[in-house]
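Visitor: Contents are compact mmCIF, C-alpha atoms; file name run_29.txt:
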```txt
# COMPACT_ATOMS: atom_id res chain seq x y z
CA MET A 1 -26.98 -107.40 -93.69
CA ARG A 2 -27.68 -108.40 -97.23
CA HIS A 3 -28.39 -111.56 -99.06
CA TYR A 4 -25.70 -112.66 -101.45
CA GLU A 5 -25.24 -115.45 -103.87
CA LEU A 6 -21.71 -116.52 -104.63
CA MET A 7 -20.77 -118.80 -107.46
CA VAL A 8 -17.32 -120.32 -107.53
CA ILE A 9 -15.57 -122.32 -110.21
CA LEU A 10 -12.87 -124.53 -108.75
CA ASP A 11 -10.00 -126.36 -110.31
CA PRO A 12 -11.17 -129.72 -111.73
CA ASP A 13 -8.00 -131.42 -110.50
CA LEU A 14 -9.29 -131.23 -106.94
CA GLU A 15 -10.88 -134.25 -105.37
CA GLU A 16 -14.58 -133.62 -105.46
CA ARG A 17 -15.17 -134.70 -101.89
CA THR A 18 -12.56 -132.30 -100.54
CA VAL A 19 -14.43 -129.39 -102.08
CA ALA A 20 -17.10 -129.03 -99.41
CA PRO A 21 -14.72 -128.86 -96.43
CA SER A 22 -12.27 -126.49 -98.09
CA LEU A 23 -15.05 -124.21 -99.23
CA ASP A 24 -16.44 -124.27 -95.71
CA LYS A 25 -13.13 -123.02 -94.40
CA PHE A 26 -13.50 -119.92 -96.53
CA LEU A 27 -17.04 -119.41 -95.35
CA ASN A 28 -15.83 -119.13 -91.77
CA VAL A 29 -15.09 -115.50 -92.55
CA VAL A 30 -18.81 -114.97 -92.94
CA ARG A 31 -19.72 -116.85 -89.80
CA LYS A 32 -17.17 -114.99 -87.69
CA ALA A 33 -18.70 -111.70 -88.77
CA ASP A 34 -22.18 -112.67 -87.60
CA GLY A 35 -23.29 -113.59 -91.08
CA THR A 36 -25.17 -116.75 -91.95
CA VAL A 37 -24.54 -119.28 -94.66
CA GLU A 38 -27.92 -120.56 -95.76
CA ASN A 39 -27.04 -123.03 -98.40
CA VAL A 40 -24.03 -124.51 -100.13
CA ASN A 41 -24.86 -126.21 -103.34
CA ILE A 42 -22.08 -128.09 -105.08
CA TRP A 43 -23.03 -128.70 -108.68
CA GLY A 44 -20.00 -130.86 -109.28
CA ARG A 45 -17.93 -131.19 -112.41
CA ARG A 46 -19.21 -129.34 -115.40
CA LYS A 47 -17.82 -128.57 -118.82
CA LEU A 48 -16.78 -124.95 -119.32
CA ALA A 49 -18.10 -123.10 -122.34
CA TYR A 50 -14.56 -121.96 -123.03
CA GLU A 51 -11.16 -122.67 -121.50
CA ILE A 52 -10.12 -120.95 -118.30
CA LYS A 53 -6.46 -121.35 -117.38
CA LYS A 54 -6.26 -124.10 -120.01
CA LYS A 55 -8.89 -126.12 -118.17
CA THR A 56 -11.92 -127.40 -120.01
CA GLU A 57 -13.80 -128.42 -116.91
CA GLY A 58 -14.59 -126.89 -113.56
CA ILE A 59 -16.21 -127.76 -110.27
CA TYR A 60 -19.11 -125.40 -109.70
CA ALA A 61 -20.44 -124.40 -106.32
CA VAL A 62 -23.15 -121.92 -105.36
CA VAL A 63 -23.35 -120.39 -101.89
CA ASP A 64 -26.31 -118.51 -100.44
CA MET A 65 -25.48 -116.26 -97.55
CA THR A 66 -26.53 -113.21 -95.61
CA THR A 67 -23.76 -110.93 -94.51
CA GLU A 68 -22.34 -107.42 -94.48
CA PRO A 69 -21.14 -106.03 -97.80
CA ALA A 70 -17.57 -105.65 -96.58
CA VAL A 71 -17.44 -109.27 -95.46
CA ALA A 72 -18.80 -110.56 -98.75
CA LYS A 73 -16.20 -108.53 -100.58
CA GLU A 74 -13.45 -109.87 -98.36
CA LEU A 75 -14.58 -113.44 -98.97
CA ASP A 76 -14.54 -112.83 -102.69
CA ARG A 77 -11.05 -111.38 -102.44
CA GLN A 78 -9.73 -114.31 -100.45
CA LEU A 79 -11.21 -116.80 -102.88
CA ASN A 80 -9.57 -115.11 -105.80
CA LEU A 81 -6.19 -115.30 -104.09
CA ASN A 82 -6.47 -119.07 -104.00
CA GLU A 83 -4.87 -120.95 -106.87
CA ALA A 84 -7.57 -123.59 -106.92
CA VAL A 85 -10.28 -121.03 -107.66
CA LEU A 86 -10.73 -120.41 -111.36
CA ARG A 87 -13.44 -117.79 -111.10
CA THR A 88 -16.00 -116.31 -108.74
CA LYS A 89 -19.15 -114.30 -109.06
CA LEU A 90 -20.84 -112.44 -106.26
CA VAL A 91 -24.39 -111.24 -106.92
CA ARG A 92 -27.28 -109.89 -104.93
CA PRO A 93 -30.28 -111.76 -106.30
CA GLY A 94 -33.00 -109.30 -105.34
CA ALA A 95 -31.11 -106.16 -106.26
CA ARG A 96 -31.73 -104.22 -109.40
CA MET B 1 -53.96 -94.00 -156.90
CA ALA B 2 -51.65 -96.73 -155.91
CA LYS B 3 -52.66 -98.24 -152.66
CA PRO B 4 -49.83 -98.69 -150.27
CA PRO B 5 -49.43 -102.39 -149.64
CA VAL B 6 -51.35 -103.24 -146.53
CA ARG B 7 -49.06 -104.89 -144.10
CA LYS B 8 -50.63 -106.94 -141.45
CA PRO B 9 -49.34 -105.70 -138.11
CA LYS B 10 -47.75 -109.08 -137.63
CA LYS B 11 -49.08 -111.41 -135.04
CA LYS B 12 -47.77 -110.71 -131.62
CA SER B 13 -45.82 -113.75 -130.65
CA ASN B 14 -46.55 -113.93 -126.99
CA PRO B 15 -43.55 -113.50 -124.76
CA LEU B 16 -42.33 -117.01 -124.24
CA LYS B 17 -41.13 -115.69 -120.95
CA SER B 18 -44.38 -115.23 -119.08
CA ALA B 19 -45.28 -118.80 -119.94
CA GLY B 20 -42.17 -120.07 -118.27
CA VAL B 21 -40.19 -118.53 -115.45
CA GLU B 22 -40.88 -115.32 -113.59
CA LYS B 23 -37.37 -114.31 -112.68
CA VAL B 24 -34.48 -114.57 -115.12
CA ASP B 25 -31.54 -116.24 -113.50
CA TYR B 26 -28.07 -116.44 -114.99
CA LYS B 27 -27.71 -119.98 -113.60
CA ASP B 28 -30.67 -121.26 -115.55
CA VAL B 29 -28.84 -122.13 -118.74
CA THR B 30 -31.65 -124.07 -120.37
CA VAL B 31 -33.90 -121.01 -120.35
CA LEU B 32 -31.17 -118.67 -121.52
CA ARG B 33 -30.28 -120.97 -124.42
CA LYS B 34 -33.60 -120.07 -126.01
CA PHE B 35 -32.53 -116.46 -126.20
CA ILE B 36 -29.21 -116.91 -127.92
CA SER B 37 -28.44 -117.95 -131.47
CA ASP B 38 -26.40 -120.99 -132.52
CA ARG B 39 -23.36 -118.77 -132.56
CA GLY B 40 -23.97 -117.64 -129.04
CA LYS B 41 -25.26 -114.16 -129.82
CA ILE B 42 -28.16 -112.70 -127.88
CA ARG B 43 -31.34 -112.75 -129.95
CA ALA B 44 -32.92 -109.39 -130.71
CA ARG B 45 -36.13 -108.38 -129.05
CA ARG B 46 -38.02 -108.36 -132.32
CA VAL B 47 -37.15 -112.04 -132.59
CA THR B 48 -37.80 -113.10 -129.03
CA GLY B 49 -40.89 -110.96 -128.56
CA VAL B 50 -40.34 -110.21 -124.89
CA SER B 51 -40.83 -106.85 -123.21
CA VAL B 52 -38.09 -104.25 -122.97
CA GLN B 53 -37.62 -104.93 -119.27
CA GLN B 54 -37.47 -108.66 -119.79
CA GLN B 55 -35.01 -108.33 -122.65
CA ARG B 56 -32.76 -106.27 -120.44
CA GLU B 57 -32.93 -108.91 -117.72
CA ILE B 58 -32.19 -111.64 -120.23
CA ALA B 59 -29.24 -109.77 -121.71
CA LYS B 60 -27.76 -109.22 -118.28
CA ALA B 61 -28.29 -112.86 -117.31
CA VAL B 62 -26.65 -114.10 -120.52
CA LYS B 63 -23.65 -111.86 -119.92
CA ASN B 64 -23.32 -113.08 -116.36
CA ALA B 65 -23.58 -116.67 -117.55
CA ARG B 66 -20.85 -116.01 -120.11
CA GLU B 67 -18.52 -114.71 -117.44
CA MET B 68 -18.98 -117.95 -115.55
CA ALA B 69 -18.37 -120.07 -118.66
CA LEU B 70 -21.91 -121.40 -118.60
CA LEU B 71 -22.55 -119.97 -122.05
CA PRO B 72 -20.05 -119.29 -124.81
CA TYR B 73 -18.98 -115.80 -125.81
CA SER B 74 -18.90 -117.02 -129.36
CA SER B 75 -19.04 -120.43 -130.85
CA SER B 76 -17.64 -121.05 -134.29
CA ALA B 77 -20.49 -123.36 -135.18
CA ARG B 78 -19.82 -122.81 -138.84
```
I need this file expressed as structure tokens, please.
Guide:
Amino acid sequence: MRHYELMVILDPDLEERTVAPSLDKFLNVVRKADGTVENVNIWGRRKLAYEIKKKTEGIYAVVDMTTEPAVAKELDRQLNLNEAVLRTKLVRPGAR
Amino acid sequence: MAKPPVRKPKKKSNPLKSAGVEKVDYKDVTVLRKFISDRGKIRARRVTGVSVQQQREIAKAVKNAREMALLPYSSSAR
């Protein structure tokens, strides 16, 4: 089990209050695999430093979780398949 | 005998880093902004005055932040 931090940029056209539930649905993958989701921090709408998919804004969310590497990878893969996800970043904060 | 011009070893500007945060985080844009130029380029170590290890951490953090559109890759601010 390892600690991961996942940052997601979501489509700004989404309703901001639907973000938490839909993100939670993705995180079920982690929970099913005995992982834990410590914290979900939704930053909200934020201007992008450059355009992604012609969008100038994005909804940022940061997830802290502890899970197996394979599960984290799978979650990242599933997120990237979703149209509403502009970009993701999966990092291990403590790792060098 | 011409004396070579004595250069003062230049005051060590203390690493702004140690005064502030301990761990460099790519999410902390306000800190990272101090280490990039107006055009978005990463400032050299001789400018920032941080240690080699810290500079490496900063560079990595800036690059991560760029990937997530928190910082620009380049800004044509001229």
Visitor: Kindly give the distance, in Å, that separates atom CA of Arg39 of chain B and atom CA of Ile9 of chain A, rounded to a single decimal.
Guide: 23.9 Å
Visitor: What is the distance, in Å and to one decimal place, between atom CA of Glu68 of chain A and atom CA of Lys23 of chain B?
Guide: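 Separation of atom CA of Glu68 of chain A and atom CA of Lys23 of chain B: 24.6 Å.
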Visitor: Pick out the chain B residues within 10 Å of chain A. Count all atoms listed in the file. Give them as a ChimeraX atom specification.
Guide: /B:23,25,27,57,64-75
Visitor: How would you write as a list in words the residues that get within 6 Å of (-22.0, -120.2, -102.8) in the file's frame, counting all atoms listed in the file?
Guide: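 Taken together, the residues in range are Glu5, Leu6, Met7, Val40, Ala61, Val62, Val63 and Asp64 of chain A.
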Visitor: Please report the interatomic distance between atom CA of Thr66 of chain A and atom CA of Arg31 of chain A in Å with one decimal.
Guide: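 Atom-to-atom, atom CA of Thr66 of chain A to atom CA of Arg31 of chain A, that is 9.7 Å.
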Visitor: Adding 5 Å on each side of the box along x, y and z that holds all listed atoms of segment 33-42 of chain A, could you give its centre and edge lengths in Å to one decimal, as JSON?
Guide:
```
{"center_x": -23.3, "center_y": -119.9, "center_z": -96.3, "size_x": 19.2, "size_y": 26.4, "size_z": 27.5}
```
Visitor: Counting all atoms listed in the file, select every polymer residue within 12 Å of (-12.7, -110.7, -97.8) as defined in the file's coordinates, and provide the selection as a compact mmCIF listing (two decimals) with C-alpha atoms, in the coordinates of the input.
Guide:
```txt
# COMPACT_ATOMS: atom_id res chain seq x y z
CA PHE A 26 -13.50 -119.92 -96.53
CA LEU A 27 -17.04 -119.41 -95.35
CA ASN A 28 -15.83 -119.13 -91.77
CA VAL A 29 -15.09 -115.50 -92.55
CA VAL A 30 -18.81 -114.97 -92.94
CA LYS A 32 -17.17 -114.99 -87.69
CA ALA A 33 -18.70 -111.70 -88.77
CA THR A 67 -23.76 -110.93 -94.51
CA GLU A 68 -22.34 -107.42 -94.48
CA PRO A 69 -21.14 -106.03 -97.80
CA ALA A 70 -17.57 -105.65 -96.58
CA VAL A 71 -17.44 -109.27 -95.46
CA ALA A 72 -18.80 -110.56 -98.75
CA LYS A 73 -16.20 -108.53 -100.58
CA GLU A 74 -13.45 -109.87 -98.36
CA LEU A 75 -14.58 -113.44 -98.97
CA ASP A 76 -14.54 -112.83 -102.69
CA ARG A 77 -11.05 -111.38 -102.44
CA GLN A 78 -9.73 -114.31 -100.45
CA LEU A 79 -11.21 -116.80 -102.88
CA ASN A 80 -9.57 -115.11 -105.80
CA LEU A 81 -6.19 -115.30 -104.09
CA LEU A 90 -20.84 -112.44 -106.26
```
Visitor: Closest to Gly35 of chain A among A:Met65, A:Leu23, A:Ile59, A:Val85, using only C-alpha atoms?
Guide: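 Closest residue, counting only C-alpha atoms: A:Met65.
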